[in-house]
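Just my_file.cif here, mmCIF, C-alpha atoms:
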```
data_structure
loop_
_atom_site.label_atom_id
_atom_site.label_comp_id
_atom_site.auth_asym_id
_atom_site.auth_seq_id
_atom_site.Cartn_x
_atom_site.Cartn_y
_atom_site.Cartn_z
CA MET A 1208 0.53 177.53 64.60
CA LYS A 1209 -2.11 175.94 66.81
CA ILE A 1210 -2.54 177.67 70.17
CA VAL A 1211 -3.92 175.90 73.23
CA LEU A 1212 -4.91 177.90 76.30
CA GLU A 1213 -5.20 175.28 79.01
CA HIS A 1214 -7.40 176.51 81.87
CA ILE A 1215 -5.48 179.76 82.27
CA THR A 1216 -6.37 182.10 85.11
CA LYS A 1217 -4.92 185.52 85.95
CA ARG A 1218 -5.33 187.06 89.40
CA TYR A 1219 -4.08 190.38 90.74
CA PRO A 1220 -3.94 191.67 94.31
CA ASN A 1221 -7.03 193.76 95.02
CA ARG A 1222 -6.07 197.45 94.94
CA ASN A 1223 -8.65 198.19 97.59
CA ARG A 1224 -6.66 197.31 100.71
CA LYS A 1225 -9.74 197.52 102.87
CA VAL A 1226 -11.34 194.70 100.88
CA GLY A 1227 -8.14 192.72 100.41
CA GLY A 1228 -7.97 189.43 98.58
CA VAL A 1229 -7.45 189.17 94.84
CA PHE A 1230 -9.13 190.32 91.63
CA THR A 1231 -9.60 187.64 88.97
CA ALA A 1232 -9.16 189.19 85.52
CA VAL A 1233 -9.33 185.90 83.58
CA ASP A 1234 -10.95 182.81 85.06
CA ASP A 1235 -10.33 179.23 83.84
CA PHE A 1236 -10.00 180.23 80.18
CA ASP A 1237 -9.87 176.99 78.18
CA LEU A 1238 -9.64 177.27 74.39
CA THR A 1239 -7.96 175.72 71.35
CA ILE A 1240 -7.24 178.06 68.45
CA PRO A 1241 -6.74 176.13 65.18
CA ASP A 1242 -3.70 176.75 63.01
CA GLY A 1243 -4.14 179.50 60.42
CA LYS A 1244 -7.43 180.87 61.73
CA LEU A 1245 -8.45 184.41 62.68
CA ILE A 1246 -10.10 184.44 66.10
CA GLY A 1247 -11.94 187.44 67.54
CA LEU A 1248 -11.82 187.96 71.32
CA LEU A 1249 -14.94 189.99 71.95
CA GLY A 1250 -16.46 191.54 75.03
CA PRO A 1251 -17.11 194.77 76.92
CA SER A 1252 -14.35 196.82 78.52
CA GLY A 1253 -12.87 195.05 81.54
CA CYS A 1254 -13.91 191.54 80.47
CA GLY A 1255 -10.30 190.25 80.36
CA LYS A 1256 -9.71 190.05 76.62
CA SER A 1257 -6.57 192.22 76.56
CA THR A 1258 -5.20 190.40 79.63
CA THR A 1259 -5.71 187.12 77.76
CA LEU A 1260 -3.86 188.53 74.74
CA ASN A 1261 -1.01 189.73 76.96
CA MET A 1262 -0.66 186.24 78.44
CA ILE A 1263 -0.47 184.75 74.94
CA CYS A 1264 2.16 187.34 74.03
CA GLY A 1265 4.17 186.80 77.21
CA LEU A 1266 3.69 190.27 78.69
CA GLU A 1267 1.73 188.62 81.51
CA THR A 1268 2.24 185.22 83.14
CA PRO A 1269 -0.82 183.13 84.05
CA THR A 1270 -1.47 182.59 87.73
CA GLU A 1271 -2.68 179.11 86.79
CA GLY A 1272 -2.81 177.04 83.62
CA LYS A 1273 -0.57 176.60 80.59
CA ILE A 1274 -0.16 178.08 77.11
CA TRP A 1275 0.96 175.90 74.21
CA PHE A 1276 2.17 176.95 70.78
CA GLY A 1277 1.89 173.72 68.87
CA GLU A 1278 3.66 171.12 71.01
CA THR A 1279 5.75 173.71 72.89
CA ASP A 1280 4.85 174.93 76.38
CA VAL A 1281 5.45 178.69 76.18
CA THR A 1282 3.85 179.60 79.52
CA ASN A 1283 7.08 180.97 80.99
CA LEU A 1284 8.85 182.04 77.80
CA THR A 1285 9.64 185.72 77.30
CA PRO A 1286 7.85 187.51 74.42
CA GLU A 1287 10.92 187.62 72.15
CA LEU A 1288 11.21 183.83 72.31
CA ARG A 1289 7.58 183.12 71.38
CA GLY A 1290 7.67 184.25 67.76
CA VAL A 1291 4.70 186.60 68.05
CA GLY A 1292 3.92 189.87 66.30
CA MET A 1293 1.90 192.41 68.31
CA VAL A 1294 -0.10 195.41 67.08
CA PHE A 1295 -1.44 197.73 69.77
CA GLN A 1296 -4.28 200.24 69.78
CA SER A 1297 -1.74 203.06 69.61
CA TYR A 1298 0.47 202.82 66.54
CA ALA A 1299 3.63 203.36 68.66
CA LEU A 1300 5.70 204.48 65.66
CA TYR A 1301 8.97 206.32 66.10
CA PRO A 1302 8.25 209.86 64.82
CA HIS A 1303 11.88 210.62 63.87
CA MET A 1304 12.16 207.48 61.71
CA THR A 1305 10.90 206.90 58.20
CA VAL A 1306 8.38 204.16 57.45
CA ARG A 1307 11.23 201.97 56.20
CA GLU A 1308 13.19 202.46 59.43
CA ASN A 1309 10.12 201.83 61.60
CA ILE A 1310 9.37 198.54 59.87
CA MET A 1311 13.04 197.49 59.96
CA PHE A 1312 13.49 198.29 63.65
CA PRO A 1313 12.57 194.81 65.05
CA LEU A 1314 14.99 193.15 62.62
CA GLY A 1315 17.89 195.23 63.90
CA ASN A 1316 17.40 193.70 67.36
CA LEU A 1317 17.93 190.12 66.19
CA LYS A 1318 21.08 188.53 67.61
CA GLY A 1319 23.25 185.48 67.03
CA PRO A 1320 22.15 183.04 64.33
CA ASP A 1321 18.97 185.05 63.73
CA LYS A 1322 20.88 188.20 62.83
CA LEU A 1323 20.20 189.36 59.25
CA SER A 1324 22.29 191.16 56.70
CA LYS A 1325 21.32 194.69 55.67
CA GLU A 1326 20.25 193.38 52.27
CA GLU A 1327 17.99 190.72 53.80
CA MET A 1328 16.43 193.26 56.18
CA LEU A 1329 15.65 195.61 53.29
CA ARG A 1330 14.15 192.74 51.31
CA ARG A 1331 11.88 191.79 54.19
CA VAL A 1332 10.83 195.41 54.69
CA GLU A 1333 9.89 195.73 51.00
CA GLU A 1334 7.95 192.45 51.23
CA ALA A 1335 6.03 193.48 54.36
CA ALA A 1336 5.29 196.95 52.97
CA GLY A 1337 3.98 195.44 49.76
CA LEU A 1338 1.73 193.11 51.71
CA VAL A 1339 0.01 196.03 53.48
CA GLN A 1340 0.18 198.19 50.33
CA ILE A 1341 2.37 201.00 51.62
CA ASP A 1342 5.44 200.28 49.48
CA GLU A 1343 5.24 203.79 47.95
CA LEU A 1344 5.36 205.43 51.39
CA LEU A 1345 8.62 204.00 52.73
CA ASP A 1346 10.46 207.33 52.77
CA ARG A 1347 7.73 209.23 54.63
CA LYS A 1348 7.66 210.06 58.31
CA PRO A 1349 4.62 208.99 60.41
CA SER A 1350 3.46 212.62 60.71
CA GLU A 1351 3.05 212.73 56.93
CA MET A 1352 0.60 209.81 56.90
CA SER A 1353 -3.07 209.26 57.69
CA GLY A 1354 -4.19 207.18 60.66
CA GLY A 1355 -5.02 204.24 58.41
CA GLN A 1356 -1.58 204.36 56.79
CA GLN A 1357 0.13 204.52 60.18
CA GLN A 1358 -1.81 201.47 61.31
CA ARG A 1359 -0.61 199.61 58.21
CA VAL A 1360 2.96 200.50 59.14
CA ALA A 1361 2.37 199.02 62.59
CA ILE A 1362 1.00 195.84 61.02
CA ALA A 1363 3.96 195.63 58.61
CA ARG A 1364 6.37 196.04 61.54
CA ALA A 1365 4.68 193.07 63.26
CA LEU A 1366 4.76 190.96 60.08
CA VAL A 1367 8.36 191.68 59.09
CA LYS A 1368 9.63 189.19 61.70
CA THR A 1369 7.56 186.45 60.00
CA PRO A 1370 5.82 185.65 63.31
CA LYS A 1371 4.11 182.37 64.08
CA VAL A 1372 1.24 184.25 65.71
CA LEU A 1373 -0.15 187.73 65.05
CA LEU A 1374 -1.86 189.50 67.97
CA LEU A 1375 -4.00 192.60 67.41
CA ASP A 1376 -5.20 194.57 70.44
CA GLU A 1377 -8.01 197.00 69.49
CA PRO A 1378 -6.07 197.97 66.33
CA LEU A 1379 -8.87 200.03 64.75
CA SER A 1380 -10.13 202.05 67.71
CA ASN A 1381 -8.29 205.24 66.70
CA LEU A 1382 -9.65 205.27 63.14
CA ASP A 1383 -12.80 206.93 61.85
CA ALA A 1384 -15.71 204.78 60.66
CA ARG A 1385 -14.72 204.66 56.98
CA LEU A 1386 -11.09 203.86 57.74
CA ARG A 1387 -12.10 201.15 60.22
CA LEU A 1388 -14.10 199.44 57.50
CA SER A 1389 -11.31 199.48 54.91
CA THR A 1390 -8.57 198.58 57.40
CA ARG A 1391 -10.41 195.59 58.84
CA GLU A 1392 -10.88 194.30 55.29
CA GLU A 1393 -7.13 194.68 54.79
CA ILE A 1394 -6.42 192.77 58.00
CA ARG A 1395 -8.58 189.91 56.78
CA ARG A 1396 -6.91 189.91 53.37
CA ILE A 1397 -3.43 189.90 54.90
CA GLN A 1398 -4.33 187.09 57.29
CA ARG A 1399 -5.64 184.95 54.45
CA GLU A 1400 -2.59 185.60 52.30
CA THR A 1401 -0.09 184.83 55.05
CA GLY A 1402 -2.00 182.05 56.82
CA ILE A 1403 -0.72 183.33 60.18
CA THR A 1404 -2.78 182.34 63.21
CA THR A 1405 -4.26 185.67 64.28
CA ILE A 1406 -6.06 186.81 67.43
CA PHE A 1407 -8.01 190.05 67.15
CA VAL A 1408 -9.19 191.77 70.35
CA THR A 1409 -12.10 194.20 70.10
CA HIS A 1410 -15.20 195.42 71.93
CA ASP A 1411 -16.85 196.16 68.55
CA GLN A 1412 -19.03 193.16 67.71
CA GLU A 1413 -19.45 194.26 64.08
CA GLU A 1414 -15.67 194.20 63.59
CA ALA A 1415 -15.31 190.79 65.18
CA MET A 1416 -18.21 189.24 63.28
CA SER A 1417 -17.14 190.60 59.91
CA ILE A 1418 -13.59 189.20 59.76
CA SER A 1419 -13.30 186.35 62.28
CA ASP A 1420 -13.41 182.62 61.56
CA GLN A 1421 -14.58 182.19 65.15
CA ILE A 1422 -15.48 184.59 67.92
CA VAL A 1423 -14.96 184.14 71.64
CA VAL A 1424 -17.44 186.18 73.67
CA MET A 1425 -16.16 187.05 77.15
CA GLU A 1426 -17.77 188.50 80.27
CA LYS A 1427 -15.97 189.21 83.55
CA GLY A 1428 -13.00 187.05 82.61
CA VAL A 1429 -15.10 184.03 81.62
CA ILE A 1430 -15.82 182.58 78.18
CA ARG A 1431 -19.55 182.87 77.56
CA GLN A 1432 -19.68 181.33 74.08
CA VAL A 1433 -17.40 180.27 71.23
CA GLY A 1434 -18.41 179.66 67.64
CA LYS A 1435 -18.72 180.92 64.11
CA PRO A 1436 -19.93 184.53 64.17
CA GLN A 1437 -23.30 184.00 62.49
CA HIS A 1438 -24.03 180.93 64.58
CA VAL A 1439 -23.33 182.77 67.84
CA TYR A 1440 -25.61 185.60 66.69
CA ASP A 1441 -28.40 183.22 65.69
CA GLU A 1442 -28.00 180.76 68.56
CA PRO A 1443 -26.88 182.59 71.72
CA GLU A 1444 -26.46 180.28 74.69
CA ASN A 1445 -27.39 182.94 77.22
CA LEU A 1446 -28.95 186.37 77.61
CA PHE A 1447 -25.59 188.15 77.88
CA VAL A 1448 -24.44 186.94 74.46
CA SER A 1449 -27.79 187.72 72.85
CA LYS A 1450 -27.71 191.28 74.20
CA PHE A 1451 -24.06 191.90 73.37
CA LEU A 1452 -24.29 190.86 69.71
CA GLY A 1453 -26.42 192.80 67.30
CA THR A 1454 -26.91 196.39 66.10
CA PRO A 1455 -29.56 197.51 66.91
CA PRO A 1456 -29.52 195.25 69.98
CA ILE A 1457 -32.01 192.51 70.69
CA ASN A 1458 -35.30 193.63 72.26
CA VAL A 1459 -35.86 192.03 75.68
CA PHE A 1460 -39.28 191.50 77.25
CA ALA A 1461 -40.64 189.94 80.42
CA GLY A 1462 -42.83 187.05 79.33
CA ARG A 1463 -44.59 183.98 80.62
CA VAL A 1464 -45.57 180.58 79.30
CA VAL A 1465 -49.08 179.23 79.90
CA ASP A 1466 -50.11 175.83 78.52
CA GLY A 1467 -47.39 175.90 75.86
CA ARG A 1468 -48.23 179.43 74.68
CA LEU A 1469 -45.90 182.41 75.00
CA PHE A 1470 -47.36 185.64 76.38
CA ILE A 1471 -45.69 189.06 76.38
CA GLY A 1472 -47.82 191.17 78.67
CA ASP A 1473 -51.41 190.41 77.65
CA ASP A 1474 -50.39 189.51 74.09
CA GLU A 1475 -50.40 185.82 73.15
CA VAL A 1476 -47.49 185.63 70.71
CA PHE A 1477 -47.07 182.02 69.53
CA ALA A 1478 -46.76 178.42 70.69
CA VAL A 1479 -43.62 177.24 72.49
CA PRO A 1480 -44.06 173.46 72.78
CA GLY A 1481 -42.06 171.75 75.48
CA VAL A 1482 -41.55 174.80 77.71
CA ALA A 1483 -42.80 174.55 81.28
CA ASP A 1484 -45.30 177.10 82.52
CA GLY A 1485 -43.79 180.09 84.27
CA ALA A 1486 -41.89 183.33 83.78
CA VAL A 1487 -39.39 183.64 80.92
CA THR A 1488 -37.22 186.36 79.48
CA VAL A 1489 -37.97 186.89 75.79
CA GLY A 1490 -35.41 188.23 73.32
CA ILE A 1491 -36.57 189.25 69.84
CA ARG A 1492 -34.10 190.45 67.21
CA PRO A 1493 -35.04 193.75 65.49
CA GLU A 1494 -35.53 191.87 62.23
CA GLY A 1495 -37.94 189.46 63.94
CA PHE A 1496 -40.94 191.78 63.71
CA GLN A 1497 -43.37 191.91 60.79
CA PRO A 1498 -45.96 194.72 60.68
CA ALA A 1499 -49.38 193.09 60.47
CA THR A 1500 -52.89 194.49 60.86
CA HIS A 1501 -53.85 191.61 63.12
CA GLY A 1502 -50.39 190.94 64.56
CA ALA A 1503 -50.22 189.40 68.02
CA LEU A 1504 -47.88 191.95 69.63
CA HIS A 1505 -49.46 195.36 70.26
CA CYS A 1506 -47.02 198.24 70.78
CA GLU A 1507 -47.26 201.98 71.23
CA LEU A 1508 -45.83 203.68 68.12
CA VAL A 1509 -43.14 206.27 68.85
CA ALA A 1510 -41.47 206.98 65.51
CA VAL A 1511 -40.85 205.64 62.02
CA GLU A 1512 -37.36 206.26 60.66
CA ARG A 1513 -36.59 205.69 56.99
CA MET A 1514 -33.01 204.46 56.51
CA GLY A 1515 -32.77 203.81 52.77
CA ARG A 1516 -33.18 200.09 52.23
CA ASP A 1517 -34.70 199.56 55.71
CA THR A 1518 -37.21 201.22 57.98
CA SER A 1519 -36.73 201.43 61.73
CA VAL A 1520 -39.91 201.38 63.81
CA VAL A 1521 -39.45 202.75 67.32
CA ALA A 1522 -42.11 201.62 69.77
CA LYS A 1523 -42.92 200.93 73.43
CA HIS A 1524 -44.41 197.98 75.28
CA LEU A 1525 -45.25 197.59 78.96
CA ALA A 1526 -43.28 194.32 79.20
CA LEU A 1527 -40.13 195.78 77.63
CA ASP A 1528 -37.03 195.98 79.85
CA ALA A 1529 -35.92 199.20 78.14
CA VAL A 1530 -37.55 202.54 77.46
CA GLN A 1531 -38.07 201.76 73.78
CA MET A 1532 -37.76 198.89 71.32
CA ARG A 1533 -36.65 198.98 67.72
CA ALA A 1534 -37.95 196.85 64.85
CA ILE A 1535 -36.19 196.76 61.47
CA VAL A 1536 -38.57 196.17 58.55
CA THR A 1537 -38.23 196.47 54.78
CA SER A 1538 -38.44 199.93 53.23
CA ASP A 1539 -41.61 199.01 51.33
CA ALA A 1540 -43.49 198.25 54.55
CA ARG A 1541 -46.22 200.81 54.99
CA ILE A 1542 -46.46 202.09 58.57
CA ASP A 1543 -49.18 204.60 59.31
CA ARG A 1544 -47.41 207.23 61.40
CA SER A 1545 -50.68 208.74 62.57
CA VAL A 1546 -51.80 205.72 64.60
CA GLU A 1547 -51.04 205.24 68.29
CA THR A 1548 -50.67 201.46 68.16
CA VAL A 1549 -48.66 199.33 65.75
CA CYS A 1550 -49.17 195.55 65.58
CA PHE A 1551 -46.44 193.02 64.83
CA ALA A 1552 -46.35 189.35 64.02
CA VAL A 1553 -43.26 187.85 65.65
CA ARG A 1554 -41.01 185.43 63.71
CA PRO A 1555 -40.33 182.48 66.06
CA GLU A 1556 -36.91 181.82 64.48
CA LYS A 1557 -35.81 185.31 65.59
CA CYS A 1558 -37.15 184.87 69.13
CA ARG A 1559 -35.12 183.37 71.98
CA LEU A 1560 -36.26 182.42 75.49
CA PHE A 1561 -34.07 182.65 78.59
CA ASP A 1562 -34.34 181.73 82.25
CA PRO A 1563 -35.10 184.97 84.17
CA LYS A 1564 -32.82 183.95 87.05
CA THR A 1565 -29.79 182.41 85.35
CA GLY A 1566 -30.01 183.98 81.89
CA GLU A 1567 -29.43 180.58 80.29
CA ARG A 1568 -31.21 179.67 77.07
CA ILE A 1569 -34.55 177.82 77.23
CA ARG A 1570 -35.24 175.80 74.12
CA PHE A 1571 -38.61 174.85 72.75
CA ASP A 1572 -39.64 172.26 70.17
CA GLY A 1573 -38.61 173.49 66.74
CA ASP A 1574 -36.00 175.80 68.28
CA ALA A 1575 -33.15 173.70 66.88
CA VAL A 1576 -29.47 174.57 67.15
CA GLY A 1577 -27.90 175.25 63.76
CA GLU A 1578 -24.43 174.26 62.59
CA GLY A 1579 -21.37 176.20 63.59
CA ALA A 1580 -20.96 175.71 67.34
CA THR A 1581 -17.35 175.13 68.38
CA ARG A 1582 -15.30 175.09 71.53
#
```
Could I get this structure in the form of structure tokens?
Amino acid sequence: MKIVLEHITKRYPNRNRKVGGVFTAVDDFDLTIPDGKLIGLLGPSGCGKSTTLNMICGLETPTEGKIWFGETDVTNLTPELRGVGMVFQSYALYPHMTVRENIMFPLGNLKGPDKLSKEEMLRRVEEAAGLVQIDELLDRKPSEMSGGQQQRVAIARALVKTPKVLLLDEPLSNLDARLRLSTREEIRRIQRETGITTIFVTHDQEEAMSISDQIVVMEKGVIRQVGKPQHVYDEPENLFVSKFLGTPPINVFAGRVVDGRLFIGDDEVFAVPGVADGAVTVGIRPEGFQPATHGALHCELVAVERMGRDTSVVAKHLALDAVQMRAIVTSDARIDRSVETVCFAVRPEKCRLFDPKTGERIRFDGDAVGEGATR
């Protein structure tokens, strides 16, 4: 099912009566979600991603704009008429019911021509349970299951109605790190097997990037960038996106361009042809640093942390906008921990320039945009 969000906006009355006016939670959100794809809505808390999901579901009505499921305008349809399955952050399972009864519950509410026989409901429950691999747990109560198993029950309950659209609102937040990893892999597997158009809301960029066909990065109710996960990581259109994506985060410096050369502090880093002279904001990914005896960037060494296959070098620089920076280098890189200064060569393909005032990307010759941008 293709979903089209046509310039939707959601405003609420401002709770601060002294200020008055309205609060805009989602602002002119315009997006087409292709049929059968898994889309990640990504952004910090309060950016409007859950409000957007609730408008798609029908729990909220847009103040402006329209929502289309295929060729049908569903903007004012109630949730039960939209054919959506919803999985919330809390599992919301009935504790007195078995897994089988929890999964079957939505089917018992079907009326008229959609009403199913008991045999058909049981068949669908078995099918949904098998899909999420909990078919051996149907007679258990939720209290007898792990968090990951309970989340699978919630997903099965959403799938049992054979929805046109599956909506997941922070579904992994209550799980520990190991369970989050295995459960997100299961979500991706289920989505591929069913082909259901799926929208996954999260503030965890690693989750979104690992399972999504496309990610939508939001800030303050506005779409900041849309594209394939790796493309958005490699080619951020603005400083916000570059800082939001990546663990460890991108290192940000105050820089300047003089005669086509990039300077960070007093360090001349490399050539940036085509960029006008003046101040720039410089973002360098942690993997963009290479320890080098005669490297251009001179930093104060703070610590060297061995992390198995990688080594994390913690350092300081006067032009840095944070207390410390972090470079990720290979484990065979030899860093002398006794020295005060560590030198790095900077990989231009891992360096991005931004306008200090607007935060928008500044491109330089050779800084080409790769494939994968979509909107």
Pick from A:Met1262, A:Val1489, A:Val1408, A:Ile1418, whichever lies nearest to Ser1449 in chain A using only C-alpha atoms: A:Val1489
I would like the residues chosen by the PyMOL selection byres ((chain A and resi 1506) around 9) on the shown file; could you give them as a JSON list (two decimals) with C-alpha atoms, keeping the file's coordinate frame?
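Below you can see result-v9.json, which holds the result:
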```json
[["chain", "number", "residue", "atom", "x", "y", "z"],
["A", 1504, "LEU", "CA", -47.88, 191.95, 69.63],
["A", 1505, "HIS", "CA", -49.46, 195.36, 70.26],
["A", 1507, "GLU", "CA", -47.26, 201.98, 71.23],
["A", 1508, "LEU", "CA", -45.83, 203.68, 68.12],
["A", 1522, "ALA", "CA", -42.11, 201.62, 69.77],
["A", 1523, "LYS", "CA", -42.92, 200.93, 73.43],
["A", 1524, "HIS", "CA", -44.41, 197.98, 75.28],
["A", 1525, "LEU", "CA", -45.25, 197.59, 78.96],
["A", 1547, "GLU", "CA", -51.04, 205.24, 68.29],
["A", 1548, "THR", "CA", -50.67, 201.46, 68.16],
["A", 1549, "VAL", "CA", -48.66, 199.33, 65.75],
["A", 1550, "CYS", "CA", -49.17, 195.55, 65.58],
["A", 1551, "PHE", "CA", -46.44, 193.02, 64.83]]
```
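Nearest to Ala1483 in chain A of all the residues A:Ile1569, A:Ile1430, A:Gly1502, A:Glu1413 is A:Ile1569, based on only C-alpha atoms.
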Selection under test: the PyMOL selection byres ((chain A and resi 1329) around 12); residues as a ChimeraX atom specification: /A:1306-1312,1314-1315,1323-1328,1330-1336,1342,1345,1367
Keeping only C-alpha atoms, write the selected residues as a PDB file, in the frame of the given file.
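Output file out.pdb follows:
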```
ATOM      1  CA  VAL A1306       8.380 204.160  57.450  1.00  0.00           C
ATOM      2  CA  ARG A1307      11.230 201.970  56.200  1.00  0.00           C
ATOM      3  CA  GLU A1308      13.190 202.460  59.430  1.00  0.00           C
ATOM      4  CA  ASN A1309      10.120 201.830  61.600  1.00  0.00           C
ATOM      5  CA  ILE A1310       9.370 198.540  59.870  1.00  0.00           C
ATOM      6  CA  MET A1311      13.040 197.490  59.960  1.00  0.00           C
ATOM      7  CA  PHE A1312      13.490 198.290  63.650  1.00  0.00           C
ATOM      8  CA  LEU A1314      14.990 193.150  62.620  1.00  0.00           C
ATOM      9  CA  GLY A1315      17.890 195.230  63.900  1.00  0.00           C
ATOM     10  CA  LEU A1323      20.200 189.360  59.250  1.00  0.00           C
ATOM     11  CA  SER A1324      22.290 191.160  56.700  1.00  0.00           C
ATOM     12  CA  LYS A1325      21.320 194.690  55.670  1.00  0.00           C
ATOM     13  CA  GLU A1326      20.250 193.380  52.270  1.00  0.00           C
ATOM     14  CA  GLU A1327      17.990 190.720  53.800  1.00  0.00           C
ATOM     15  CA  MET A1328      16.430 193.260  56.180  1.00  0.00           C
ATOM     16  CA  ARG A1330      14.150 192.740  51.310  1.00  0.00           C
ATOM     17  CA  ARG A1331      11.880 191.790  54.190  1.00  0.00           C
ATOM     18  CA  VAL A1332      10.830 195.410  54.690  1.00  0.00           C
ATOM     19  CA  GLU A1333       9.890 195.730  51.000  1.00  0.00           C
ATOM     20  CA  GLU A1334       7.950 192.450  51.230  1.00  0.00           C
ATOM     21  CA  ALA A1335       6.030 193.480  54.360  1.00  0.00           C
ATOM     22  CA  ALA A1336       5.290 196.950  52.970  1.00  0.00           C
ATOM     23  CA  ASP A1342       5.440 200.280  49.480  1.00  0.00           C
ATOM     24  CA  LEU A1345       8.620 204.000  52.730  1.00  0.00           C
ATOM     25  CA  VAL A1367       8.360 191.680  59.090  1.00  0.00           C
TER      26      VAL A1367
END
```
Picked residues, the PyMOL selection byres ((chain A and resi 1440) around 10), expected as a PyMOL selection string: chain A and resi 1416+1434-1439+1441-1444+1448-1453+1492
Selection from above, C-alpha atoms, as a JSON list (two decimals), in the frame of the given file, can you write it?
```
[["chain", "number", "residue", "atom", "x", "y", "z"],
["A", 1416, "MET", "CA", -18.21, 189.24, 63.28],
["A", 1434, "GLY", "CA", -18.41, 179.66, 67.64],
["A", 1435, "LYS", "CA", -18.72, 180.92, 64.11],
["A", 1436, "PRO", "CA", -19.93, 184.53, 64.17],
["A", 1437, "GLN", "CA", -23.30, 184.00, 62.49],
["A", 1438, "HIS", "CA", -24.03, 180.93, 64.58],
["A", 1439, "VAL", "CA", -23.33, 182.77, 67.84],
["A", 1441, "ASP", "CA", -28.40, 183.22, 65.69],
["A", 1442, "GLU", "CA", -28.00, 180.76, 68.56],
["A", 1443, "PRO", "CA", -26.88, 182.59, 71.72],
["A", 1444, "GLU", "CA", -26.46, 180.28, 74.69],
["A", 1448, "VAL", "CA", -24.44, 186.94, 74.46],
["A", 1449, "SER", "CA", -27.79, 187.72, 72.85],
["A", 1450, "LYS", "CA", -27.71, 191.28, 74.20],
["A", 1451, "PHE", "CA", -24.06, 191.90, 73.37],
["A", 1452, "LEU", "CA", -24.29, 190.86, 69.71],
["A", 1453, "GLY", "CA", -26.42, 192.80, 67.30],
["A", 1492, "ARG", "CA", -34.10, 190.45, 67.21]]
```
Proximity to Glu1567 in chain A - best of A:Ala1361, A:Ile1542, A:Ala1486, A:Leu1446, all atoms listed in the file: A:Leu1446
Separation of CA of Val1511 in chain A from CA of Val1487 in chain A, in Å and rounded to one decimal: 29.0 Å
